[in-house]
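Novice: Below is one structure. I have some questions about it.
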Amino acid sequence: MIKRIVVVGSGLMGRGIAYVGAVGGFNVTVVDIHETALENARQEIERMFKKGVSIGKISSDQATQALNNLSYIPELSEVACNADLIIEAVPEELDIKKRVFETMEEHASAHCYFATNTSTMSPTEIASFAKRPERTIAMHFFNPVHKMPLVEIVRGLETSDETAEVIKEVAVKMGKETVVINEFPGFVTSRISALVGNEAFFMLQEGLGTPEEIDKAIKLGLNYPMGPFELVDLVGLDTRLNNLNYLHSKLGEKYRPAPLLEQYVKAGRLGRKTGKGVYDYTIEEEWVKK
């Protein structure tokens with residue numbers, strides 16, 4: 001039975017996973033080597049609980065209990081030994097994931113399950129960085145984690161049936177719907193999302209329409225909840241570019257990133273997290289301040 005979860009990485013995805021894990025009744029420890037990032041995560045998670053209580057999504061007692069289930073620490077080696085499940089939520093860079101999984105393997109107990117929150121990368125390859133491929137799987141959460149209902153659970157080549165069932169039960173306790181699929185680059189959702197988002201950049205590059213017009217056409221014409229530019233600004237243009245580069249290397253030319261997307265990333269226009277992506281959010285912030 002999974003009781004204690006360690007989330008490695010306190011960024012946007014890591015803090016969201018920690019939040020739904022705590023709400024689901026798990027004891028959750030958030031790990032990040034950067035103590036400033038840890039403190040920012042703690043403050044953001046507390047803000048999420050306050051908002052959840054204010055809008056009636058969670059009771060005050062539930063929020064208090066969930067907050068008591070959370071802890072924050074900079075050293076993975078100190079907490080991995082007590083974990084039943086470790087969820088890696090670091091950036092989509094193989095070298096970083098390799099270092100994290102090697103540390104996980106060194107310090108975790110034999111019964112511990114390993115999960116990677118990758119959106120495109122191979123759980124089989126990531127599992128090779130440790131020595132328990134049968135107990136390793138991908139849990140692809142979606143941003144924002146506390147609002148998006150799906151977890152895409154992706155089996156690696158040697159992932160056991162038991163591991164898939166255990167991880168599915170964990171996701172359900174977190175309040176999520178699940179799909180369990182077999183590994184292939186990009187899985188289901190990232191392959192489709194990357195294609196749509198990349199094509200939108202080609203359209204913008206060709207002068208087909210403004211970002212607002214393209215987003216509106218996709219939302220109203222295809223019934224998408226968000227336009228491709230709204231979504232990429234939320235996810236991060238650098239994250240989308242990394243995903244496309246990976247899919248391009250694995251699946252070929254149809255995933256070659258649009259030059260305009262590459263240009264935006266080089267300019268530092270990474271989306272909401274930097275204040276400017278396809279859209280300019282500094283204007284919105286200035287309006288709020290007024």
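Ligands are numbered from 1 in the order shown, chains are lettered A, B, ... in the order of the structure tokens, and residues start at 1 in each chain.
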Could you pull out the strand (DSSP E) residues of range 10-64 of chain A, going by DSSP on the backbone, and write them as a VMD selection string?
Specialist: chain A and resid 27 to 31
Novice: Any idea what's packed within 9 Å of Leu270 in chain A, counting only C-alpha atoms, ignoring anything in its chain fewer than 3 positions away? Could you give it as a PyMOL selection string?
Specialist: chain A and resi 232-233+235-239+264-267+273-278
Novice: Counting only C-alpha atoms, which of A:Pro149, A:Pro257, A:Gly207, A:Gly11 gets nearest to Asp32 in chain A?
Specialist: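 Among the listed residues, A:Gly11 lies closest to Asp32 in chain A.
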Novice: May I have the residues within 7 Å of Leu150 in chain A as a short mmCIF file (atom, residue, chain, number, x, y, z; two decimals) with N, CA, C and O atoms, in the first residue's frame, using only C-alpha atoms and disregarding those fewer than 3 positions away in the same chain?
Specialist:
data_model
loop_
_atom_site.label_atom_id
_atom_site.label_comp_id
_atom_site.auth_asym_id
_atom_site.auth_seq_id
_atom_site.Cartn_x
_atom_site.Cartn_y
_atom_site.Cartn_z
N PHE A 141 1.20 13.83 -15.71
CA PHE A 141 0.20 14.77 -15.21
C PHE A 141 0.11 15.94 -16.18
O PHE A 141 1.01 16.19 -16.97
N PHE A 142 -0.99 16.68 -16.09
CA PHE A 142 -1.22 17.81 -16.99
C PHE A 142 -1.33 19.11 -16.20
O PHE A 142 -1.77 19.12 -15.05
N LYS A 176 -7.95 11.61 -9.88
CA LYS A 176 -7.74 11.68 -11.32
C LYS A 176 -8.40 10.53 -12.08
O LYS A 176 -8.56 9.42 -11.56
N GLU A 177 -8.77 10.83 -13.32
CA GLU A 177 -9.09 9.80 -14.29
C GLU A 177 -7.78 9.30 -14.89
O GLU A 177 -6.78 10.03 -14.90
N THR A 178 -7.77 8.06 -15.37
CA THR A 178 -6.53 7.51 -15.91
C THR A 178 -6.74 6.81 -17.24
O THR A 178 -7.84 6.33 -17.54
#
Novice: Which residue gives the smallest distance to Val166 in chain A among A:Val154, A:Lys147, A:Arg135, A:Pro259, with only C-alpha atoms counted?
Specialist: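 Of A:Val154, A:Lys147, A:Arg135, A:Pro259, the one nearest Val166 in chain A is A:Arg135, counting only C-alpha atoms.
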Novice: Go ahead and compute the interatomic distance for CA of Arg269 in chain A and CA of Arg240 in chain A, in Å to one decimal.
Specialist: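 Those two atoms sit 12.3 Å apart.
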Novice: Can you work out which one of A:Leu12, A:Ile153, A:Gly221, A:Thr120 has the shortest atom-to-atom distance to Val170 in chain A, counting only C-alpha atoms?
Specialist: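 Result for the nearest residue to Val170 in chain A: A:Ile153.
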Novice: So the first atom is CA of Ala138 in chain A and the second is CA of Thr116 in chain A; what is the distance between them in Å, to one decimal place?
Specialist: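 Atom-to-atom, CA of Ala138 in chain A to CA of Thr116 in chain A, that is 4.7 Å.
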Novice: What are the nearest atom pairs, with distances in Å to one decimal, for all residues of range 150-261 of chain A that come at most 12 Å from range 4-7 of chain A, using only C-alpha atoms, set out by chain and rising residue number as a Markdown table?
Specialist:
| residue | atom | partner | partner_atom | distance |
| --- | --- | --- | --- | --- |
| A:Ile167 | CA | A:Ile5 | CA | 11.6 |
| A:Val170 | CA | A:Ile5 | CA | 9.9 |
| A:Ala171 | CA | A:Ile5 | CA | 12.0 |
| A:Met174 | CA | A:Ile5 | CA | 11.8 |
Novice: Got a sec: who's within 7 Å of Leu38 in chain A, counting only C-alpha atoms, leaving out chain neighbours fewer than 4 positions off, as a PyMOL selection string?
Specialist: chain A and resi 10+32+34+42+72
Novice: Run DSSP on the backbone and give me the residues of range 87-257 of chain A it puts in helix (DSSP H, G or I), as a PyMOL selection string.
Specialist: chain A and resi 94-107+123-127+133-135+161-173+189-205+211-222+228-235+237-251+253-255
Novice: Taking C-alpha atoms for each residue, export the selection above as a PDB file, in the first residue's frame.
Specialist:
ATOM      1  CA  LEU A  94      17.750  13.206 -19.873  1.00  0.00           C
ATOM      2  CA  ASP A  95      20.955  13.989 -17.974  1.00  0.00           C
ATOM      3  CA  ILE A  96      19.016  15.535 -15.095  1.00  0.00           C
ATOM      4  CA  LYS A  97      16.596  12.611 -14.935  1.00  0.00           C
ATOM      5  CA  LYS A  98      19.548  10.198 -15.010  1.00  0.00           C
ATOM      6  CA  ARG A  99      21.162  11.817 -11.966  1.00  0.00           C
ATOM      7  CA  VAL A 100      17.883  11.827 -10.066  1.00  0.00           C
ATOM      8  CA  PHE A 101      17.098   8.177 -10.816  1.00  0.00           C
ATOM      9  CA  GLU A 102      20.604   7.086  -9.845  1.00  0.00           C
ATOM     10  CA  THR A 103      20.131   8.815  -6.485  1.00  0.00           C
ATOM     11  CA  MET A 104      16.681   7.286  -6.104  1.00  0.00           C
ATOM     12  CA  GLU A 105      18.083   3.804  -6.733  1.00  0.00           C
ATOM     13  CA  GLU A 106      20.954   4.312  -4.326  1.00  0.00           C
ATOM     14  CA  HIS A 107      18.799   5.354  -1.378  1.00  0.00           C
ATOM     15  CA  PRO A 123      10.064   5.381 -19.362  1.00  0.00           C
ATOM     16  CA  THR A 124      12.040   2.337 -20.530  1.00  0.00           C
ATOM     17  CA  GLU A 125      15.154   4.442 -21.054  1.00  0.00           C
ATOM     18  CA  ILE A 126      14.622   6.352 -17.820  1.00  0.00           C
ATOM     19  CA  ALA A 127      14.138   3.049 -15.958  1.00  0.00           C
ATOM     20  CA  PRO A 133      12.449  -1.584 -14.452  1.00  0.00           C
ATOM     21  CA  GLU A 134       9.493  -3.748 -13.410  1.00  0.00           C
ATOM     22  CA  ARG A 135       8.627  -1.156 -10.713  1.00  0.00           C
ATOM     23  CA  ASP A 161       1.081  -5.468 -14.312  1.00  0.00           C
ATOM     24  CA  GLU A 162       1.202  -4.999 -10.534  1.00  0.00           C
ATOM     25  CA  THR A 163       3.062  -1.692 -10.875  1.00  0.00           C
ATOM     26  CA  ALA A 164       0.536  -0.405 -13.411  1.00  0.00           C
ATOM     27  CA  GLU A 165      -2.344  -1.281 -11.076  1.00  0.00           C
ATOM     28  CA  VAL A 166      -0.693   0.262  -8.009  1.00  0.00           C
ATOM     29  CA  ILE A 167       0.048   3.510  -9.831  1.00  0.00           C
ATOM     30  CA  LYS A 168      -3.482   3.631 -11.226  1.00  0.00           C
ATOM     31  CA  GLU A 169      -4.852   3.319  -7.672  1.00  0.00           C
ATOM     32  CA  VAL A 170      -2.576   6.163  -6.546  1.00  0.00           C
ATOM     33  CA  ALA A 171      -3.807   8.424  -9.357  1.00  0.00           C
ATOM     34  CA  VAL A 172      -7.453   7.623  -8.552  1.00  0.00           C
ATOM     35  CA  LYS A 173      -6.866   8.501  -4.878  1.00  0.00           C
ATOM     36  CA  THR A 189      -1.696  13.431 -25.733  1.00  0.00           C
ATOM     37  CA  SER A 190       1.721  14.973 -26.327  1.00  0.00           C
ATOM     38  CA  ARG A 191       1.871  13.757 -29.923  1.00  0.00           C
ATOM     39  CA  ILE A 192      -1.444  15.395 -30.767  1.00  0.00           C
ATOM     40  CA  SER A 193      -0.828  18.546 -28.731  1.00  0.00           C
ATOM     41  CA  ALA A 194       2.654  19.042 -30.200  1.00  0.00           C
ATOM     42  CA  LEU A 195       1.327  18.720 -33.755  1.00  0.00           C
ATOM     43  CA  VAL A 196      -1.516  21.178 -33.201  1.00  0.00           C
ATOM     44  CA  GLY A 197       0.655  23.681 -31.364  1.00  0.00           C
ATOM     45  CA  ASN A 198       3.477  23.502 -33.895  1.00  0.00           C
ATOM     46  CA  GLU A 199       1.071  23.924 -36.816  1.00  0.00           C
ATOM     47  CA  ALA A 200      -0.361  27.002 -35.125  1.00  0.00           C
ATOM     48  CA  PHE A 201       3.127  28.532 -35.088  1.00  0.00           C
ATOM     49  CA  PHE A 202       3.522  27.776 -38.798  1.00  0.00           C
ATOM     50  CA  MET A 203       0.185  29.534 -39.395  1.00  0.00           C
ATOM     51  CA  LEU A 204       1.313  32.563 -37.407  1.00  0.00           C
ATOM     52  CA  GLN A 205       4.647  32.568 -39.222  1.00  0.00           C
ATOM     53  CA  PRO A 211      -2.761  34.639 -32.348  1.00  0.00           C
ATOM     54  CA  GLU A 212      -6.183  35.739 -31.106  1.00  0.00           C
ATOM     55  CA  GLU A 213      -7.884  34.749 -34.366  1.00  0.00           C
ATOM     56  CA  ILE A 214      -6.148  31.376 -34.550  1.00  0.00           C
ATOM     57  CA  ASP A 215      -6.947  30.582 -30.901  1.00  0.00           C
ATOM     58  CA  LYS A 216     -10.582  31.611 -31.347  1.00  0.00           C
ATOM     59  CA  ALA A 217     -10.935  29.459 -34.476  1.00  0.00           C
ATOM     60  CA  ILE A 218      -9.569  26.392 -32.709  1.00  0.00           C
ATOM     61  CA  LYS A 219     -11.668  26.903 -29.571  1.00  0.00           C
ATOM     62  CA  LEU A 220     -14.974  27.581 -31.289  1.00  0.00           C
ATOM     63  CA  GLY A 221     -14.464  25.537 -34.439  1.00  0.00           C
ATOM     64  CA  LEU A 222     -12.970  22.411 -32.851  1.00  0.00           C
ATOM     65  CA  PRO A 228      -2.915  26.456 -28.971  1.00  0.00           C
ATOM     66  CA  PHE A 229      -1.193  29.746 -28.132  1.00  0.00           C
ATOM     67  CA  GLU A 230      -2.966  30.086 -24.795  1.00  0.00           C
ATOM     68  CA  LEU A 231      -1.880  26.536 -24.007  1.00  0.00           C
ATOM     69  CA  VAL A 232       1.753  26.920 -25.038  1.00  0.00           C
ATOM     70  CA  ASP A 233       2.042  30.100 -22.959  1.00  0.00           C
ATOM     71  CA  LEU A 234       0.762  28.125 -19.971  1.00  0.00           C
ATOM     72  CA  VAL A 235       2.966  25.076 -20.580  1.00  0.00           C
ATOM     73  CA  LEU A 237       7.462  27.635 -25.026  1.00  0.00           C
ATOM     74  CA  ASP A 238      10.795  26.122 -23.971  1.00  0.00           C
ATOM     75  CA  THR A 239       9.030  22.985 -22.750  1.00  0.00           C
ATOM     76  CA  ARG A 240       7.106  22.707 -26.013  1.00  0.00           C
ATOM     77  CA  LEU A 241      10.316  23.175 -28.025  1.00  0.00           C
ATOM     78  CA  ASN A 242      12.114  20.482 -26.011  1.00  0.00           C
ATOM     79  CA  ASN A 243       9.218  18.103 -26.622  1.00  0.00           C
ATOM     80  CA  LEU A 244       9.165  18.823 -30.347  1.00  0.00           C
ATOM     81  CA  ASN A 245      12.922  18.342 -30.653  1.00  0.00           C
ATOM     82  CA  TYR A 246      12.606  14.970 -28.933  1.00  0.00           C
ATOM     83  CA  LEU A 247       9.663  13.890 -31.107  1.00  0.00           C
ATOM     84  CA  HIS A 248      11.441  15.132 -34.226  1.00  0.00           C
ATOM     85  CA  SER A 249      14.447  12.964 -33.383  1.00  0.00           C
ATOM     86  CA  LYS A 250      12.234   9.918 -32.781  1.00  0.00           C
ATOM     87  CA  LEU A 251       9.320  10.280 -35.219  1.00  0.00           C
ATOM     88  CA  GLU A 253       9.977  15.516 -40.078  1.00  0.00           C
ATOM     89  CA  LYS A 254       6.348  16.157 -39.176  1.00  0.00           C
ATOM     90  CA  TYR A 255       7.548  17.191 -35.695  1.00  0.00           C
TER      91      TYR A 255
END
Novice: Here is a test: counting only C-alpha atoms, which residue of A:Ala80, A:Glu75, A:Glu46, A:Gly175 is nearest to Ala63 in chain A?
Specialist: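 So, comparing all the options, the nearest one is A:Glu46.
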Novice: Quote the spacing between CA of Leu67 in chain A and CA of His140 in chain A in Å to one decimal place.
Specialist: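 Distance reported for this atom pair: 23.8 Å.
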